[in-house]
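First comes the structure, then the notes that go with it.
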Amino acid sequence: MGIAYLSLGTNIGRKEDNLRKALRALEQEIGTLLKCSSFIDTAPWGFDSTHRFLNATVSFQTELQPLELLKVTQQIERKLGRNSKSHNGLYQDRIIDIDILFYDQQIIQTEELTLPHPLICQRRFVLEPLSEIAADFVHPTLHASINELLHRLTETNHEHPL
């Protein structure tokens, strides 16, 4: 059994419904939902779009190993209508995005999966809701809590405002 932290995002369609459908599918497929953050409205990150995002973070207790978890989250994305993660390496509008942020304190670097997620520290839309559910969780390679990482990002303002 492990504890996985995931980030959920959507910026097209019925956004709140998209997140709720993803949550239900995750509960059915990966394990027990431990915590869910508030849904927060954010600007697009990494690409231009007129569609704002609705983001959340969750933690699950799961028997799936990290690569199995990745496959299941990708299946859920496809089931909910997402056909590709990016187009020519560029981000695009999406009905749902599910990213694995952490799996316990594991450090993994493969072609398929990198944990912890390499962009956590640059993304306020991840750190802010994650601080609601795991403020004291310590990043396994940076050795700083989620609250500390959020504070650093806020101070340096290296990210688009919400």
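Ordered as shown in the structure tokens, chains take letters A, B, and onward, while each chain numbers its residues from 1 and ligands are numbered from 1 in the order shown.
Every protein or nucleic acid residue with an atom no more than 12 Å from A:Lys71, counting only C-alpha atoms and leaving out same-chain residues fewer than 2 positions away, appears here: Leu26, Glu29, Ile30, Leu64, Gln65, Pro66, Leu67, Glu68, Leu69, Thr73, Gln74, Gln75, Ile76, Glu77, Arg78, Ile98, Asp99, Ile100, Glu112 and Leu113 of chain A.
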Can you write out the residues you just picked, keeping N, CA and C atoms, as a short mmCIF file (atom, residue, chain, number, x, y, z; two decimals), in the first residue's frame?
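The new file selection01.cif reads:
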data_model
loop_
_atom_site.label_atom_id
_atom_site.label_comp_id
_atom_site.auth_asym_id
_atom_site.auth_seq_id
_atom_site.Cartn_x
_atom_site.Cartn_y
_atom_site.Cartn_z
N LEU A 26 -11.34 7.62 -10.29
CA LEU A 26 -10.14 7.32 -9.50
C LEU A 26 -10.50 6.46 -8.28
N GLU A 29 -11.05 2.94 -9.44
CA GLU A 29 -9.94 2.24 -10.08
C GLU A 29 -8.65 2.14 -9.26
N ILE A 30 -8.41 3.12 -8.37
CA ILE A 30 -7.08 3.11 -7.74
C ILE A 30 -7.05 2.89 -6.24
N LEU A 64 -1.83 -0.09 -6.08
CA LEU A 64 -1.13 -0.02 -7.37
C LEU A 64 0.28 0.52 -7.18
N GLN A 65 1.20 -0.02 -7.94
CA GLN A 65 2.56 0.52 -7.98
C GLN A 65 2.56 1.74 -8.91
N PRO A 66 3.58 2.60 -8.82
CA PRO A 66 3.55 3.85 -9.59
C PRO A 66 3.29 3.69 -11.09
N LEU A 67 3.94 2.75 -11.77
CA LEU A 67 3.71 2.60 -13.20
C LEU A 67 2.32 2.07 -13.51
N GLU A 68 1.79 1.23 -12.64
CA GLU A 68 0.41 0.77 -12.79
C GLU A 68 -0.55 1.94 -12.60
N LEU A 69 -0.27 2.77 -11.62
CA LEU A 69 -1.08 3.95 -11.35
C LEU A 69 -1.08 4.88 -12.56
N THR A 73 -4.39 6.08 -14.60
CA THR A 73 -4.77 7.49 -14.73
C THR A 73 -4.88 7.87 -16.21
N GLN A 74 -4.01 7.34 -17.04
CA GLN A 74 -4.10 7.63 -18.47
C GLN A 74 -5.36 7.01 -19.09
N GLN A 75 -5.74 5.81 -18.62
CA GLN A 75 -6.98 5.19 -19.10
C GLN A 75 -8.19 6.03 -18.71
N ILE A 76 -8.17 6.56 -17.48
CA ILE A 76 -9.28 7.40 -17.02
C ILE A 76 -9.35 8.66 -17.87
N GLU A 77 -8.21 9.28 -18.15
CA GLU A 77 -8.21 10.47 -19.01
C GLU A 77 -8.85 10.16 -20.37
N ARG A 78 -8.46 9.04 -20.98
CA ARG A 78 -9.02 8.67 -22.28
C ARG A 78 -10.53 8.40 -22.17
N ILE A 98 -4.65 14.41 -15.42
CA ILE A 98 -4.35 13.79 -14.13
C ILE A 98 -2.85 13.54 -14.09
N ASP A 99 -2.17 14.20 -13.18
CA ASP A 99 -0.72 14.02 -13.02
C ASP A 99 -0.43 13.40 -11.66
N ILE A 100 0.50 12.48 -11.65
CA ILE A 100 0.98 11.92 -10.38
C ILE A 100 2.06 12.86 -9.88
N GLU A 112 8.83 6.67 -18.94
CA GLU A 112 7.38 6.81 -18.78
C GLU A 112 6.97 7.72 -17.63
N LEU A 113 7.77 7.73 -16.57
CA LEU A 113 7.33 8.39 -15.34
C LEU A 113 8.52 8.97 -14.58
#
| request: Check chain A with DSSP on the backbone and list each residue it calls strand (DSSP E or B), as number ranges by chain. | output: A: 2-10, 31-36, 40-42, 53-62, 87, 90, 97-103, 108-109, 114-115, 138, 145
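Distance annotation: of A:Phe125, A:Tyr103, A:Leu119, A:Thr110, the residue with the minimal separation from A:Val138 is A:Tyr103; atom set is only C-alpha atoms.
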Give me the residues of stretch 117-138 of chain A that have any atom at most 12 Å from an atom of stretch 33-51 of chain A; for each, the nearest atom pair and the distance in Å, rounded to one decimal. Use only C-alpha atoms, sort by chain and number, and format it as JSON lines.
{"residue": "A:Leu119", "atom": "CA", "partner": "A:Gly46", "partner_atom": "CA", "distance": 11.0}
{"residue": "A:Gln122", "atom": "CA", "partner": "A:Trp45", "partner_atom": "CA", "distance": 9.8}
{"residue": "A:Arg123", "atom": "CA", "partner": "A:Trp45", "partner_atom": "CA", "distance": 8.0}
{"residue": "A:Arg124", "atom": "CA", "partner": "A:Thr42", "partner_atom": "CA", "distance": 9.1}
{"residue": "A:Phe125", "atom": "CA", "partner": "A:Thr42", "partner_atom": "CA", "distance": 6.6}
{"residue": "A:Val126", "atom": "CA", "partner": "A:Ile40", "partner_atom": "CA", "distance": 9.8}
{"residue": "A:Leu127", "atom": "CA", "partner": "A:Ser37", "partner_atom": "CA", "distance": 10.8}
{"residue": "A:Glu128", "atom": "CA", "partner": "A:Ile40", "partner_atom": "CA", "distance": 8.8}
{"residue": "A:Pro129", "atom": "CA", "partner": "A:Ser37", "partner_atom": "CA", "distance": 5.4}
{"residue": "A:Leu130", "atom": "CA", "partner": "A:Ser37", "partner_atom": "CA", "distance": 6.9}
{"residue": "A:Ser131", "atom": "CA", "partner": "A:Ser37", "partner_atom": "CA", "distance": 8.5}
{"residue": "A:Glu132", "atom": "CA", "partner": "A:Ser37", "partner_atom": "CA", "distance": 5.9}
{"residue": "A:Ile133", "atom": "CA", "partner": "A:Ser37", "partner_atom": "CA", "distance": 6.0}
{"residue": "A:Ala134", "atom": "CA", "partner": "A:Lys35", "partner_atom": "CA", "distance": 8.9}
{"residue": "A:Ala135", "atom": "CA", "partner": "A:Ser37", "partner_atom": "CA", "distance": 11.3}
| request: Enumerate as a PyMOL selection string all residues of stretch 23-77 of chain A assigned to helix (DSSP H, G or I) by DSSP on the backbone, naming them with the chain letters and numbers the document uses. | output: chain A and resi 23-29+66-77
| query | Could you pull the residues within 7 Å of A:Gly2, counting only C-alpha atoms, minus those fewer than 4 positions along the same chain, as a VMD selection string? | reply | chain A and resid 61 to 63 103 to 104
Dump as a PDB file, in the first residue's frame, selection limited to C-alpha atoms:
ATOM      1  CA  GLN A  61      -4.212   5.075  -0.596  1.00  0.00           C
ATOM      2  CA  THR A  62      -3.546   2.511  -3.296  1.00  0.00           C
ATOM      3  CA  GLU A  63      -2.229  -0.972  -3.866  1.00  0.00           C
ATOM      4  CA  TYR A 103       4.034   8.332  -4.518  1.00  0.00           C
ATOM      5  CA  ASP A 104       5.117   8.077  -0.884  1.00  0.00           C
TER       6      ASP A 104
END
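Atom to atom, atom CA of A:Thr114 and atom CA of A:Leu149 stand 18.7 Å apart.
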| task | Select, from A:Ser59, A:Leu80, A:Met1, A:Glu148, the residue with the minimum atom-to-atom distance to A:Lys15, counting only C-alpha atoms. | result |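 Distance minimum relative to A:Lys15 lands on A:Leu80.
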